[in-house]
Structure formats: C-alpha cells, structure tokens
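Q: Dropping in input_38.cif, which is mmCIF, C-alpha atoms and all ligand atoms:
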```cif
data_my_file
loop_
_atom_site.label_atom_id
_atom_site.label_comp_id
_atom_site.auth_asym_id
_atom_site.auth_seq_id
_atom_site.Cartn_x
_atom_site.Cartn_y
_atom_site.Cartn_z
CA MET T 3 19.48 160.22 -9.92
CA SER T 4 17.76 157.13 -8.50
CA ARG T 5 18.69 153.59 -9.64
CA LYS T 6 16.63 150.51 -8.86
CA PHE T 7 17.95 146.96 -8.24
CA ASP T 8 16.83 143.72 -6.59
CA ALA T 9 19.77 143.88 -4.21
CA VAL T 10 22.39 146.45 -3.29
CA VAL T 11 25.66 145.22 -1.82
CA LEU T 12 27.92 147.69 0.01
CA GLY T 13 31.64 146.99 -0.35
CA THR T 14 33.76 145.22 -2.97
CA GLY T 15 35.82 143.17 -0.53
CA ALA T 16 35.90 139.39 -0.68
CA ALA T 17 32.56 139.15 1.15
CA GLY T 18 30.66 141.70 -0.94
CA LEU T 19 31.91 140.39 -4.29
CA MET T 20 31.20 136.72 -3.49
CA CYS T 21 27.73 137.64 -2.28
CA ALA T 22 27.01 139.77 -5.36
CA ILE T 23 28.19 136.99 -7.70
CA GLU T 24 25.95 134.38 -6.06
CA ALA T 25 22.93 136.72 -6.07
CA GLY T 26 23.61 137.63 -9.71
CA LYS T 27 23.79 133.94 -10.66
CA ARG T 28 20.35 133.51 -9.10
CA GLY T 29 18.99 136.05 -11.56
CA ARG T 30 18.89 139.08 -9.24
CA ARG T 31 19.75 142.54 -10.57
CA VAL T 32 22.62 143.45 -8.28
CA ALA T 33 24.55 146.68 -7.68
CA VAL T 34 27.75 146.77 -5.64
CA MET T 35 28.80 150.14 -4.26
CA GLU T 36 32.41 150.81 -3.35
CA ARG T 37 33.90 153.99 -1.96
CA ALA T 38 37.42 153.25 -3.25
CA GLU T 39 38.64 153.75 -6.81
CA LYS T 40 39.17 150.03 -7.31
CA ILE T 41 37.78 146.75 -6.03
CA GLY T 42 39.20 144.38 -3.39
CA LYS T 43 42.03 146.52 -2.03
CA LYS T 44 42.43 144.30 1.04
CA ILE T 45 42.60 141.19 -1.13
CA LEU T 46 45.50 142.82 -2.98
CA ILE T 47 47.59 143.05 0.21
CA SER T 48 46.50 139.65 1.52
CA GLY T 49 48.95 136.81 1.89
CA GLY T 50 51.88 139.16 1.40
CA GLY T 51 50.49 140.15 -2.02
CA ARG T 52 49.85 136.56 -3.15
CA CYS T 53 46.51 135.97 -1.39
CA ASN T 54 46.21 132.86 0.74
CA PHE T 55 42.83 132.22 -0.90
CA THR T 56 41.83 129.05 0.94
CA ASN T 57 43.07 126.19 3.06
CA LEU T 58 42.77 122.53 2.06
CA TYR T 59 41.94 121.50 5.61
CA CYS T 60 39.51 124.27 6.50
CA THR T 61 36.80 122.92 8.82
CA PRO T 62 34.13 124.51 11.05
CA GLU T 63 36.36 123.80 14.08
CA ASN T 64 38.82 126.37 12.77
CA PHE T 65 36.35 129.20 13.30
CA ILE T 66 35.60 131.07 16.50
CA SER T 67 32.09 132.39 16.52
CA ALA T 68 29.27 133.22 18.88
CA ASN T 69 27.26 130.95 16.56
CA PRO T 70 29.46 127.91 15.80
CA HIS T 71 26.70 126.40 13.68
CA PHE T 72 27.11 129.16 11.12
CA ALA T 73 30.52 127.84 10.00
CA LYS T 74 29.05 124.34 9.76
CA SER T 75 26.24 125.31 7.43
CA ALA T 76 28.36 127.77 5.43
CA LEU T 77 31.18 125.27 4.85
CA ALA T 78 28.75 122.48 4.05
CA ARG T 79 27.33 124.60 1.24
CA TYR T 80 30.57 126.12 -0.03
CA THR T 81 33.74 124.13 0.53
CA PRO T 82 37.41 125.00 -0.08
CA MET T 83 37.14 122.71 -3.15
CA ASP T 84 34.39 124.95 -4.59
CA PHE T 85 36.73 127.93 -4.44
CA ILE T 86 39.65 125.90 -5.81
CA SER T 87 37.44 124.87 -8.77
CA LEU T 88 36.68 128.54 -9.42
CA VAL T 89 40.39 129.41 -9.31
CA GLU T 90 41.17 126.54 -11.70
CA LYS T 91 38.35 127.58 -14.04
CA HIS T 92 40.13 130.92 -14.37
CA ARG T 93 43.47 129.14 -14.95
CA ILE T 94 45.10 130.83 -11.97
CA SER T 95 48.21 128.96 -10.99
CA TYR T 96 48.70 128.35 -7.28
CA HIS T 97 50.74 126.37 -4.80
CA GLU T 98 50.43 124.92 -1.33
CA LYS T 99 52.75 126.72 1.05
CA THR T 100 52.48 124.93 4.38
CA LEU T 101 49.69 123.32 6.35
CA GLY T 102 47.28 123.31 3.41
CA GLN T 103 47.49 127.07 2.77
CA LEU T 104 46.98 127.84 -0.93
CA PHE T 105 48.56 130.95 -2.45
CA CYS T 106 48.59 132.39 -5.97
CA ASP T 107 51.85 131.72 -7.80
CA ARG T 108 51.75 135.18 -9.36
CA ALA T 109 49.88 137.87 -7.46
CA ALA T 110 46.69 138.55 -5.52
CA ASN T 111 45.23 140.58 -8.36
CA ASP T 112 44.64 137.24 -10.13
CA ILE T 113 41.91 136.78 -7.50
CA THR T 114 40.42 140.28 -7.82
CA GLU T 115 40.38 139.96 -11.60
CA MET T 116 38.67 136.57 -11.28
CA LEU T 117 36.01 138.05 -9.00
CA GLU T 118 35.49 141.00 -11.34
CA GLU T 119 35.05 138.64 -14.32
CA GLU T 120 32.58 136.54 -12.33
CA CYS T 121 30.62 139.71 -11.50
CA LEU T 122 30.52 140.63 -15.16
CA ALA T 123 29.34 137.13 -16.13
CA ALA T 124 26.59 137.26 -13.48
CA GLY T 125 25.41 140.69 -14.66
CA VAL T 126 26.49 142.42 -11.45
CA LYS T 127 27.05 146.17 -11.78
CA ILE T 128 29.96 147.65 -9.82
CA PHE T 129 29.92 151.35 -8.91
CA LEU T 130 33.28 152.71 -7.74
CA ASN T 131 34.00 155.98 -5.92
CA GLN T 132 30.65 155.71 -4.16
CA ARG T 133 31.04 156.35 -0.46
CA VAL T 134 27.74 155.44 1.14
CA LYS T 135 26.67 158.17 3.49
CA GLU T 136 23.11 157.43 4.42
CA ILE T 137 20.73 154.49 4.43
CA SER T 138 17.01 154.66 5.08
CA ARG T 139 14.18 152.20 4.77
CA THR T 140 10.64 152.79 3.66
CA THR T 141 9.11 149.97 1.62
CA GLU T 142 12.64 149.30 0.38
CA PHE T 143 16.19 150.31 1.25
CA VAL T 144 17.36 153.67 -0.03
CA VAL T 145 21.14 154.10 -0.13
CA ARG T 146 22.64 157.50 -0.76
CA ALA T 147 26.20 157.98 -1.99
CA GLU T 148 28.03 160.69 -3.90
CA GLY T 149 25.18 162.38 -5.72
CA GLU T 150 23.46 159.06 -6.47
CA GLU T 151 20.62 157.14 -4.92
CA PHE T 152 20.23 153.36 -5.10
CA ARG T 153 17.03 151.53 -4.18
CA ALA T 154 16.46 147.84 -3.54
CA PRO T 155 14.30 145.56 -1.38
CA ALA T 156 17.45 143.73 -0.19
CA LEU T 157 20.60 145.30 1.25
CA VAL T 158 23.85 143.54 2.07
CA VAL T 159 26.35 145.40 4.22
CA ALA T 160 29.84 144.03 3.52
CA THR T 161 31.89 147.09 4.39
CA GLY T 162 34.52 145.15 6.32
CA GLY T 163 35.78 145.02 9.87
CA LEU T 164 37.95 147.37 11.86
CA SER T 165 41.39 146.11 10.90
CA ILE T 166 43.91 148.37 9.13
CA PRO T 167 42.31 151.81 9.71
CA LYS T 168 45.20 153.23 7.64
CA MET T 169 43.50 151.56 4.67
CA GLY T 170 40.25 153.29 5.53
CA ALA T 171 38.56 150.70 7.78
CA THR T 172 35.74 152.29 9.76
CA SER T 173 32.87 151.20 11.97
CA PHE T 174 30.41 151.91 9.15
CA GLY T 175 28.94 148.37 9.07
CA TYR T 176 28.49 148.31 12.83
CA ASP T 177 26.82 151.73 12.74
CA VAL T 178 24.36 150.52 10.09
CA ALA T 179 23.63 147.41 12.20
CA ARG T 180 22.93 149.66 15.20
CA GLN T 181 20.71 151.90 13.07
CA PHE T 182 18.52 148.91 12.21
CA GLY T 183 18.50 147.50 15.74
CA LEU T 184 20.67 144.44 15.00
CA LYS T 185 22.57 142.77 17.79
CA ILE T 186 26.34 143.24 17.56
CA GLN T 187 28.90 140.85 18.97
CA LYS T 188 31.86 142.38 20.75
CA THR T 189 34.70 142.82 18.27
CA ARG T 190 38.11 141.28 18.91
CA PRO T 191 41.42 141.56 17.08
CA ALA T 192 42.41 138.47 15.12
CA LEU T 193 46.01 139.55 14.85
CA VAL T 194 47.64 140.62 18.06
CA PRO T 195 50.60 142.96 17.57
CA LEU T 196 53.49 142.83 19.95
CA THR T 197 55.66 145.93 19.89
CA PHE T 198 59.33 145.09 20.06
CA GLY T 199 61.92 147.56 21.34
CA ALA T 200 65.01 148.71 19.48
CA LYS T 201 67.17 146.25 21.43
CA GLU T 202 65.09 143.22 20.37
CA LYS T 203 64.99 144.55 16.83
CA ARG T 204 68.79 144.63 16.72
CA GLU T 205 69.07 141.23 18.33
CA TYR T 206 66.58 139.33 16.21
CA CYS T 207 66.46 141.10 12.88
CA ASP T 208 68.14 138.07 11.29
CA LEU T 209 64.91 136.17 12.00
CA ALA T 210 62.92 138.48 9.76
CA GLY T 211 60.54 136.55 7.51
CA VAL T 212 60.40 133.54 9.84
CA SER T 213 56.99 131.97 10.17
CA MET T 214 56.48 128.88 12.28
CA GLU T 215 54.45 127.12 14.90
CA VAL T 216 55.12 128.43 18.37
CA ILE T 217 54.34 127.93 21.98
CA ALA T 218 53.86 131.25 23.71
CA GLN T 219 53.56 132.23 27.30
CA ALA T 220 52.19 135.54 28.49
CA ASP T 221 51.04 136.95 31.77
CA GLY T 222 50.76 133.54 33.39
CA HIS T 223 48.98 131.98 30.38
CA ALA T 224 50.77 129.43 28.25
CA PHE T 225 49.54 128.61 24.78
CA ARG T 226 50.45 125.71 22.62
CA VAL T 227 49.69 127.32 19.30
CA HIS T 228 47.91 125.20 16.78
CA SER T 229 49.04 124.75 13.24
CA GLU T 230 46.97 127.64 11.89
CA ALA T 231 48.46 130.12 14.33
CA LEU T 232 51.90 131.27 13.37
CA LEU T 233 54.39 133.76 14.58
CA LEU T 234 55.40 136.03 11.75
CA LEU T 235 58.42 138.23 11.89
CA ARG T 236 58.32 140.97 9.33
CA SER T 237 61.51 142.30 7.91
CA GLU T 238 61.49 146.04 7.64
CA ARG T 239 59.03 146.54 10.51
CA PHE T 240 60.24 143.85 12.82
CA TYR T 241 59.20 145.79 15.90
CA GLU T 242 55.60 145.37 14.79
CA SER T 243 55.71 141.62 14.48
CA LYS T 244 52.36 140.05 14.89
CA ILE T 245 51.40 136.88 16.62
CA HIS T 246 48.41 135.14 15.08
CA PHE T 247 46.49 133.99 18.11
CA PRO T 248 42.91 134.27 16.95
CA GLN T 249 41.75 131.72 19.48
CA TYR T 250 43.25 133.61 22.35
CA ALA T 251 42.84 137.18 21.23
CA GLU T 252 40.63 138.02 24.19
CA LEU T 253 43.34 136.94 26.62
CA PHE T 254 45.83 139.19 24.89
CA GLU T 255 43.41 142.09 24.73
CA GLY T 256 44.75 145.28 26.25
CA PHE T 257 47.94 143.37 26.84
CA SER T 258 49.51 143.45 23.45
CA ARG T 259 51.31 146.75 23.66
CA ILE T 260 52.59 146.26 27.18
CA ALA T 261 53.60 142.71 26.53
CA PHE T 262 56.13 142.17 29.29
CA PRO T 263 57.17 139.60 30.03
CA VAL T 264 56.39 137.51 27.00
CA ILE T 265 58.27 134.38 26.15
CA ALA T 266 57.89 132.75 22.79
CA PHE T 267 59.44 129.41 21.99
CA PHE T 268 60.31 129.28 18.33
CA GLY T 269 59.97 125.74 17.10
CA PRO T 270 60.69 122.70 19.24
CA GLY T 271 63.16 124.15 21.71
CA VAL T 272 65.17 126.04 19.15
CA LEU T 273 64.91 129.53 20.49
CA VAL T 274 63.51 131.26 23.51
CA VAL T 275 62.71 134.94 23.37
CA SER T 276 61.78 136.81 26.45
CA LEU T 277 60.63 140.31 25.73
CA ASP T 278 61.53 141.51 29.19
CA GLY T 279 65.03 142.08 27.87
CA SER T 280 66.55 138.69 28.61
CA ALA T 281 66.09 137.30 25.12
CA ARG T 282 68.49 134.54 24.27
CA ARG T 283 69.08 131.80 21.75
CA THR T 284 69.22 128.30 23.15
CA GLN T 285 70.35 126.57 19.98
CA ASP T 286 71.36 127.59 16.50
C1 LIG J 301 47.65 142.35 5.81
C2 LIG J 301 46.50 141.38 5.69
C3 LIG J 301 46.72 140.14 5.09
C4 LIG J 301 45.68 139.22 4.97
N1 LIG J 301 45.91 138.04 4.34
C5 LIG J 301 44.89 137.16 4.16
C6 LIG J 301 45.06 135.99 3.39
O1 LIG J 301 46.12 135.75 2.82
N2 LIG J 301 44.00 135.14 3.28
C7 LIG J 301 42.77 135.42 3.87
O2 LIG J 301 41.84 134.61 3.71
N3 LIG J 301 42.58 136.55 4.57
C8 LIG J 301 43.60 137.43 4.71
N4 LIG J 301 43.39 138.58 5.41
C9 LIG J 301 42.07 138.85 5.92
C10 LIG J 301 41.17 139.26 4.75
O3 LIG J 301 41.86 140.19 3.95
C11 LIG J 301 39.88 139.87 5.27
O4 LIG J 301 39.29 139.00 6.20
C12 LIG J 301 38.91 140.09 4.12
O5 LIG J 301 39.54 140.83 3.09
C13 LIG J 301 37.71 140.84 4.62
O6 LIG J 301 36.85 141.00 3.51
P1 LIG J 301 35.55 141.86 3.63
O7 LIG J 301 34.86 141.79 2.32
O8 LIG J 301 34.76 141.46 4.84
O9 LIG J 301 36.03 143.36 3.95
P2 LIG J 301 37.01 144.37 3.14
O10 LIG J 301 37.96 143.66 2.28
O11 LIG J 301 37.53 145.31 4.17
O12 LIG J 301 36.00 145.11 2.19
C14 LIG J 301 35.13 146.12 2.60
C15 LIG J 301 34.94 147.08 1.45
O13 LIG J 301 33.90 148.01 1.80
C16 LIG J 301 34.29 149.30 1.36
N5 LIG J 301 33.58 150.30 2.17
C17 LIG J 301 33.74 150.54 3.50
N6 LIG J 301 32.93 151.54 3.89
C18 LIG J 301 32.23 151.93 2.78
C19 LIG J 301 31.23 152.91 2.55
N7 LIG J 301 30.76 153.71 3.53
N8 LIG J 301 30.72 153.04 1.30
C20 LIG J 301 31.16 152.22 0.28
N9 LIG J 301 32.11 151.28 0.46
C21 LIG J 301 32.63 151.13 1.69
C22 LIG J 301 35.81 149.31 1.58
O14 LIG J 301 36.43 150.30 0.79
C23 LIG J 301 36.19 147.90 1.16
O15 LIG J 301 36.49 147.79 -0.21
C24 LIG J 301 44.40 139.53 5.50
C25 LIG J 301 44.18 140.77 6.10
C26 LIG J 301 45.20 141.69 6.18
C27 LIG J 301 44.91 143.03 6.80
#
```
Show me, as structure tokens, the structure contained in the file I just sent.
Ligand SMILES: Cc1cc2nc3c(=O)[nH]c(=O)nc-3n(C[C@H](O)[C@H](O)[C@H](O)COP(=O)(O)OP(=O)(O)OC[C@H]3O[C@@H](n4cnc5c(N)ncnc54)[C@H](O)[C@@H]3O)c2cc1C

A:
Amino acid sequence: MSRKFDAVVLGTGAAGLMCAIEAGKRGRRVAVMERAEKIGKKILISGGGRCNFTNLYCTPENFISANPHFAKSALARYTPMDFISLVEKHRISYHEKTLGQLFCDRAANDITEMLEEECLAAGVKIFLNQRVKEISRTTEFVVRAEGEEFRAPALVVATGGLSIPKMGATSFGYDVARQFGLKIQKTRPALVPLTFGAKEKREYCDLAGVSMEVIAQADGHAFRVHSEALLLLRSERFYESKIHFPQYAELFEGFSRIAFPVIAFFGPGVLVVSLDGSARRTQD
C-alpha cells in the first residue's frame, strides 16, 4: 500500500516530533514513521526519568558545532521561553534544579504526551512499528517500511545519533546521508564514560548520586569544567560513572576506558580522586 504526504519524518524522538509539529502547523500533510512501539523512548529516560527539557540560560555559546551560526539562528527563532510556554500551555508542572536546568515535577512522559497532543492538533499522523528499510528518490522520496510505502516530496531524517545502542541506536541516519551524498561531520561522544574498578567502587559508593561542578585532569590536560558540565556518580552502576565533558570529548576520545591516571577534584578542594589507585579524601 502506498500513502502520499507533503512530508515524511523518520523518527519520533524530540527532533522528529518537533519538526513534524511545526510542519503540520504550516498546513503540511505530515507522516512520522517510528520503528518502536511507542514514541519518544529516549525522552522517557532523559533527565533520570524527569526530562531536563530546557535550560533558562541556554545560548548559542553553549553549543559545539562545525557551524556555530546554526545555533545562533535556531535559538533566535525558537528560544527556551518558547518551549517553556508550550509546557505551561499543557499545564505541566516543573522546577528549576540547578544552573537553570528545568525538569518535570512528575515524569518525562508529561513531555511525550504533550508532543503527541501537539501532533494530533497539527494533523500529524504517527505510524508506529514501522522500521524504515529503504529510501529511494525519483520525482519524490519513496520510503519503504514493514509492508508499507510512504511517498512525499520532502523527507526529514531524525533517526537519532549513536548513543545508547542497547536502546536500538544505529547509524541509519548517517547511512541515509551517505546514500544521498551529504557531507557528514565526524561523530564524537557527548558523554565520556570512565570505568571505575571494584576498589574505587567500594571506596566511593557513598558518593553515589552526587552531581557537581568539577575540575578534572587527564593525561596532562587539565580542565576547569564549566557550569553545564557535571560529574555524575550513579548509584547502582557506579563503575560506569560518566563525566559530562562535551567540550572536551575529542581529548578524551579513545582514552575513556583506559583512564589512568585521572584526577577529579570534586567541588572547591573538597575531594581528590585519582583513578590510578591512590584515591583519597582531602576533607569531609
Ligand atoms: C540517559 C540519557 C539522558 C538524557 N537526558 C537528557 C535531558 O534530560 N535533557 C536533554 O535535553 N537531553 C537529554 N539527553 C539527550 C537527548 O535524549 C537526545 O539528545 C535526544 O533525545 C535526541 O533526540 P533525537 O530526536 O535526535 O533522537 P532519538 O530520541 O534517538 O529518536 C530517534 C528515533 O528514530 C527512531 N528510528 C531509528 N531508526 C529508525 C528506522 N530505521 N525506522 C524508523 N524509526 C527509526 C528511533 O526508534 C527513535 O525513536 C539524554 C540522553 C540520554 C541517553
């Protein structure tokens, strides 16, 4: 069966749904195709299940991009306040955690439900359990999924990045870009995992759940970490704690799993951890 639309969007993540809503509001007939059985699965796990949906102080300078002007034009046209207004329109209660980060009071599915309602209001049609297998282009794009064919003159690929392969992340979007001869920027991790040993786990498990500004030093590089970059220590999987160093990800590349020696200063001189085995507390 072949279905015809003005635009087909692939993926019901945050990007695909926002795009579909805006296109729908502009009067386009939009289809969104999703391989999973429900929408926005990554949103549901975001922000520890409460979705850190925006930041009050989000500016273009907070983004690392091969095209820094993109963040300028995007944020000039859609500001954090625009998203906050949308959240308030849907009566979703929220709070500021730290450093301008806004989280849902209840749960992240408040955000997915809001996006689904906005899709409905904009006439966007969502098709679940549709894993896209093949895309071709004649006079228009032809997208083939499970037994169905979708056609449209405009195609948006919003199938996500490479993070969390356990949740099904693949290189699909990059493969489509290659198929159509689009230039691809080198991908980099935004979260850099440091694998802790059993000894460190024993020693520092009481720090589980701590999240704070840090200064870190690794392999001869020292980083004063800005307010948006935090060290998170996760409780039950402490050994997989992640350091948010988006700005410096490239310096940590290939280094993260053999991170010795690494020294992280927790807070202003409160604690020094050296992952070469000489971890110690300098103050309580
Ligand atoms: C643990 C964790 C916590 C996070 N917390 C936050 C937070 O609090 N705040 C924040 O702003 N960001 C957070 N992020 C980052 C944020 O979740 C992502 O940047 C964002 O969800 C990416 O959205 P996306 O639409 O680009 O991709 P995705 O959410 O990955 O969506 C892509 C969609 O495409 C679908 N798809 C893929 N291939 C196909 C195919 N072949 N056919 C059909 N469908 C396909 C996928 O099933 C998926 O639904 C977090 C990320 C993680 C992993």

Q: Between CA of Glu151 in chain T and CA of Phe129 in chain T, what distance in Å does the model show, to one decimal?

A: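 Spanning CA of Glu151 in chain T to CA of Phe129 in chain T is a straight-line distance of 11.7 Å.
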
Q: Please identify every polymer residue within 7 Å of ligand LIG 301 (chain J), using all atoms listed in the file, and present the set as number ranges by chain.

A: T: 12-18, 35-38, 41-45, 47-50, 53-56, 132-135, 160-163, 165-166, 170-172, 174

Q: Go ahead and save the residues from that selection, with C-alpha atoms, as a PDB file, in the frame of the given file.

A:
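Heads up, here's the output in part26.pdb:
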```
ATOM      1  CA  LEU T  12      27.920 147.690   0.010  1.00  0.00           C
ATOM      2  CA  GLY T  13      31.640 146.990  -0.350  1.00  0.00           C
ATOM      3  CA  THR T  14      33.760 145.220  -2.970  1.00  0.00           C
ATOM      4  CA  GLY T  15      35.820 143.170  -0.530  1.00  0.00           C
ATOM      5  CA  ALA T  16      35.900 139.390  -0.680  1.00  0.00           C
ATOM      6  CA  ALA T  17      32.560 139.150   1.150  1.00  0.00           C
ATOM      7  CA  GLY T  18      30.660 141.700  -0.940  1.00  0.00           C
ATOM      8  CA  MET T  35      28.800 150.140  -4.260  1.00  0.00           C
ATOM      9  CA  GLU T  36      32.410 150.810  -3.350  1.00  0.00           C
ATOM     10  CA  ARG T  37      33.900 153.990  -1.960  1.00  0.00           C
ATOM     11  CA  ALA T  38      37.420 153.250  -3.250  1.00  0.00           C
ATOM     12  CA  ILE T  41      37.780 146.750  -6.030  1.00  0.00           C
ATOM     13  CA  GLY T  42      39.200 144.380  -3.390  1.00  0.00           C
ATOM     14  CA  LYS T  43      42.030 146.520  -2.030  1.00  0.00           C
ATOM     15  CA  LYS T  44      42.430 144.300   1.040  1.00  0.00           C
ATOM     16  CA  ILE T  45      42.600 141.190  -1.130  1.00  0.00           C
ATOM     17  CA  ILE T  47      47.590 143.050   0.210  1.00  0.00           C
ATOM     18  CA  SER T  48      46.500 139.650   1.520  1.00  0.00           C
ATOM     19  CA  GLY T  49      48.950 136.810   1.890  1.00  0.00           C
ATOM     20  CA  GLY T  50      51.880 139.160   1.400  1.00  0.00           C
ATOM     21  CA  CYS T  53      46.510 135.970  -1.390  1.00  0.00           C
ATOM     22  CA  ASN T  54      46.210 132.860   0.740  1.00  0.00           C
ATOM     23  CA  PHE T  55      42.830 132.220  -0.900  1.00  0.00           C
ATOM     24  CA  THR T  56      41.830 129.050   0.940  1.00  0.00           C
ATOM     25  CA  GLN T 132      30.650 155.710  -4.160  1.00  0.00           C
ATOM     26  CA  ARG T 133      31.040 156.350  -0.460  1.00  0.00           C
ATOM     27  CA  VAL T 134      27.740 155.440   1.140  1.00  0.00           C
ATOM     28  CA  LYS T 135      26.670 158.170   3.490  1.00  0.00           C
ATOM     29  CA  ALA T 160      29.840 144.030   3.520  1.00  0.00           C
ATOM     30  CA  THR T 161      31.890 147.090   4.390  1.00  0.00           C
ATOM     31  CA  GLY T 162      34.520 145.150   6.320  1.00  0.00           C
ATOM     32  CA  GLY T 163      35.780 145.020   9.870  1.00  0.00           C
ATOM     33  CA  SER T 165      41.390 146.110  10.900  1.00  0.00           C
ATOM     34  CA  ILE T 166      43.910 148.370   9.130  1.00  0.00           C
ATOM     35  CA  GLY T 170      40.250 153.290   5.530  1.00  0.00           C
ATOM     36  CA  ALA T 171      38.560 150.700   7.780  1.00  0.00           C
ATOM     37  CA  THR T 172      35.740 152.290   9.760  1.00  0.00           C
ATOM     38  CA  PHE T 174      30.410 151.910   9.150  1.00  0.00           C
TER      39      PHE T 174
END
```

Q: Using all atoms listed in the file for the distances, tell me which of T:Leu58, T:Val34, T:Leu101, T:Ile186 is nearest to Pro82 in chain T.

A: T:Leu58

Q: May I have the protein, DNA and RNA residues with any atom at most 12 Å from the point (24.6, 146.5, 10.9), counting all atoms listed in the file, written as an mmCIF file with C-alpha atoms, in the coordinates of the input?

A:
```cif
data_model
loop_
_atom_site.group_PDB
_atom_site.id
_atom_site.type_symbol
_atom_site.label_atom_id
_atom_site.label_comp_id
_atom_site.auth_asym_id
_atom_site.auth_seq_id
_atom_site.Cartn_x
_atom_site.Cartn_y
_atom_site.Cartn_z
ATOM 1 C CA LEU T 12 27.920 147.690 0.010
ATOM 2 C CA ILE T 137 20.730 154.490 4.430
ATOM 3 C CA LEU T 157 20.600 145.300 1.250
ATOM 4 C CA VAL T 158 23.850 143.540 2.070
ATOM 5 C CA VAL T 159 26.350 145.400 4.220
ATOM 6 C CA ALA T 160 29.840 144.030 3.520
ATOM 7 C CA THR T 161 31.890 147.090 4.390
ATOM 8 C CA GLY T 162 34.520 145.150 6.320
ATOM 9 C CA GLY T 163 35.780 145.020 9.870
ATOM 10 C CA SER T 173 32.870 151.200 11.970
ATOM 11 C CA PHE T 174 30.410 151.910 9.150
ATOM 12 C CA GLY T 175 28.940 148.370 9.070
ATOM 13 C CA TYR T 176 28.490 148.310 12.830
ATOM 14 C CA ASP T 177 26.820 151.730 12.740
ATOM 15 C CA VAL T 178 24.360 150.520 10.090
ATOM 16 C CA ALA T 179 23.630 147.410 12.200
ATOM 17 C CA ARG T 180 22.930 149.660 15.200
ATOM 18 C CA GLN T 181 20.710 151.900 13.070
ATOM 19 C CA PHE T 182 18.520 148.910 12.210
ATOM 20 C CA GLY T 183 18.500 147.500 15.740
ATOM 21 C CA LEU T 184 20.670 144.440 15.000
ATOM 22 C CA LYS T 185 22.570 142.770 17.790
ATOM 23 C CA ILE T 186 26.340 143.240 17.560
ATOM 24 C CA GLN T 187 28.900 140.850 18.970
#
```

Q: For Asp112 in chain T, list every protein, DNA or RNA residue within 12 Å, evaluated using all atoms listed in the file, and leave out those in the same chain fewer than 6 positions away; present the list as a VMD selection string.

A: chain T and resid 42 45 to 46 51 to 55 88 to 90 92 to 96 105 to 106 118 to 119

Q: Render range 34-71 of chain T from the structure in the preceding block as a file of C-alpha atoms, as a tab-separated table (two decimals), in the first residue's frame.

A:
```
chain	number	residue	atom	x	y	z
T	34	VAL	CA	6.02	10.38	11.11
T	35	MET	CA	7.37	6.86	10.92
T	36	GLU	CA	8.74	5.14	14.00
T	37	ARG	CA	10.16	1.65	14.28
T	38	ALA	CA	9.41	1.33	18.01
T	39	GLU	CA	6.04	0.51	19.54
T	40	LYS	CA	5.79	3.91	21.20
T	41	ILE	CA	7.03	7.44	20.66
T	42	GLY	CA	9.95	9.27	22.30
T	43	LYS	CA	11.58	6.39	24.16
T	44	LYS	CA	14.78	8.37	24.73
T	45	ILE	CA	12.81	11.31	26.12
T	46	LEU	CA	11.30	8.90	28.65
T	47	ILE	CA	14.73	8.05	30.09
T	48	SER	CA	16.04	11.61	29.86
T	49	GLY	CA	16.88	13.60	32.95
T	50	GLY	CA	16.69	10.49	35.12
T	51	GLY	CA	13.06	9.98	34.01
T	52	ARG	CA	12.03	13.60	34.62
T	53	CYS	CA	13.34	15.14	31.37
T	54	ASN	CA	15.56	18.19	31.68
T	55	PHE	CA	13.50	19.81	28.91
T	56	THR	CA	15.34	23.13	28.62
T	57	ASN	CA	17.74	25.48	30.32
T	58	LEU	CA	16.89	29.06	31.25
T	59	TYR	CA	20.34	30.28	30.24
T	60	CYS	CA	20.75	28.34	27.02
T	61	THR	CA	22.73	30.42	24.50
T	62	PRO	CA	24.49	29.68	21.19
T	63	GLU	CA	27.83	29.68	23.06
T	64	ASN	CA	26.75	26.50	24.83
T	65	PHE	CA	26.80	24.53	21.59
T	66	ILE	CA	29.77	22.95	19.87
T	67	SER	CA	29.24	22.73	16.17
T	68	ALA	CA	31.15	22.76	12.91
T	69	ASN	CA	28.68	25.53	12.01
T	70	PRO	CA	28.38	27.78	15.09
T	71	HIS	CA	25.98	30.06	13.23
```
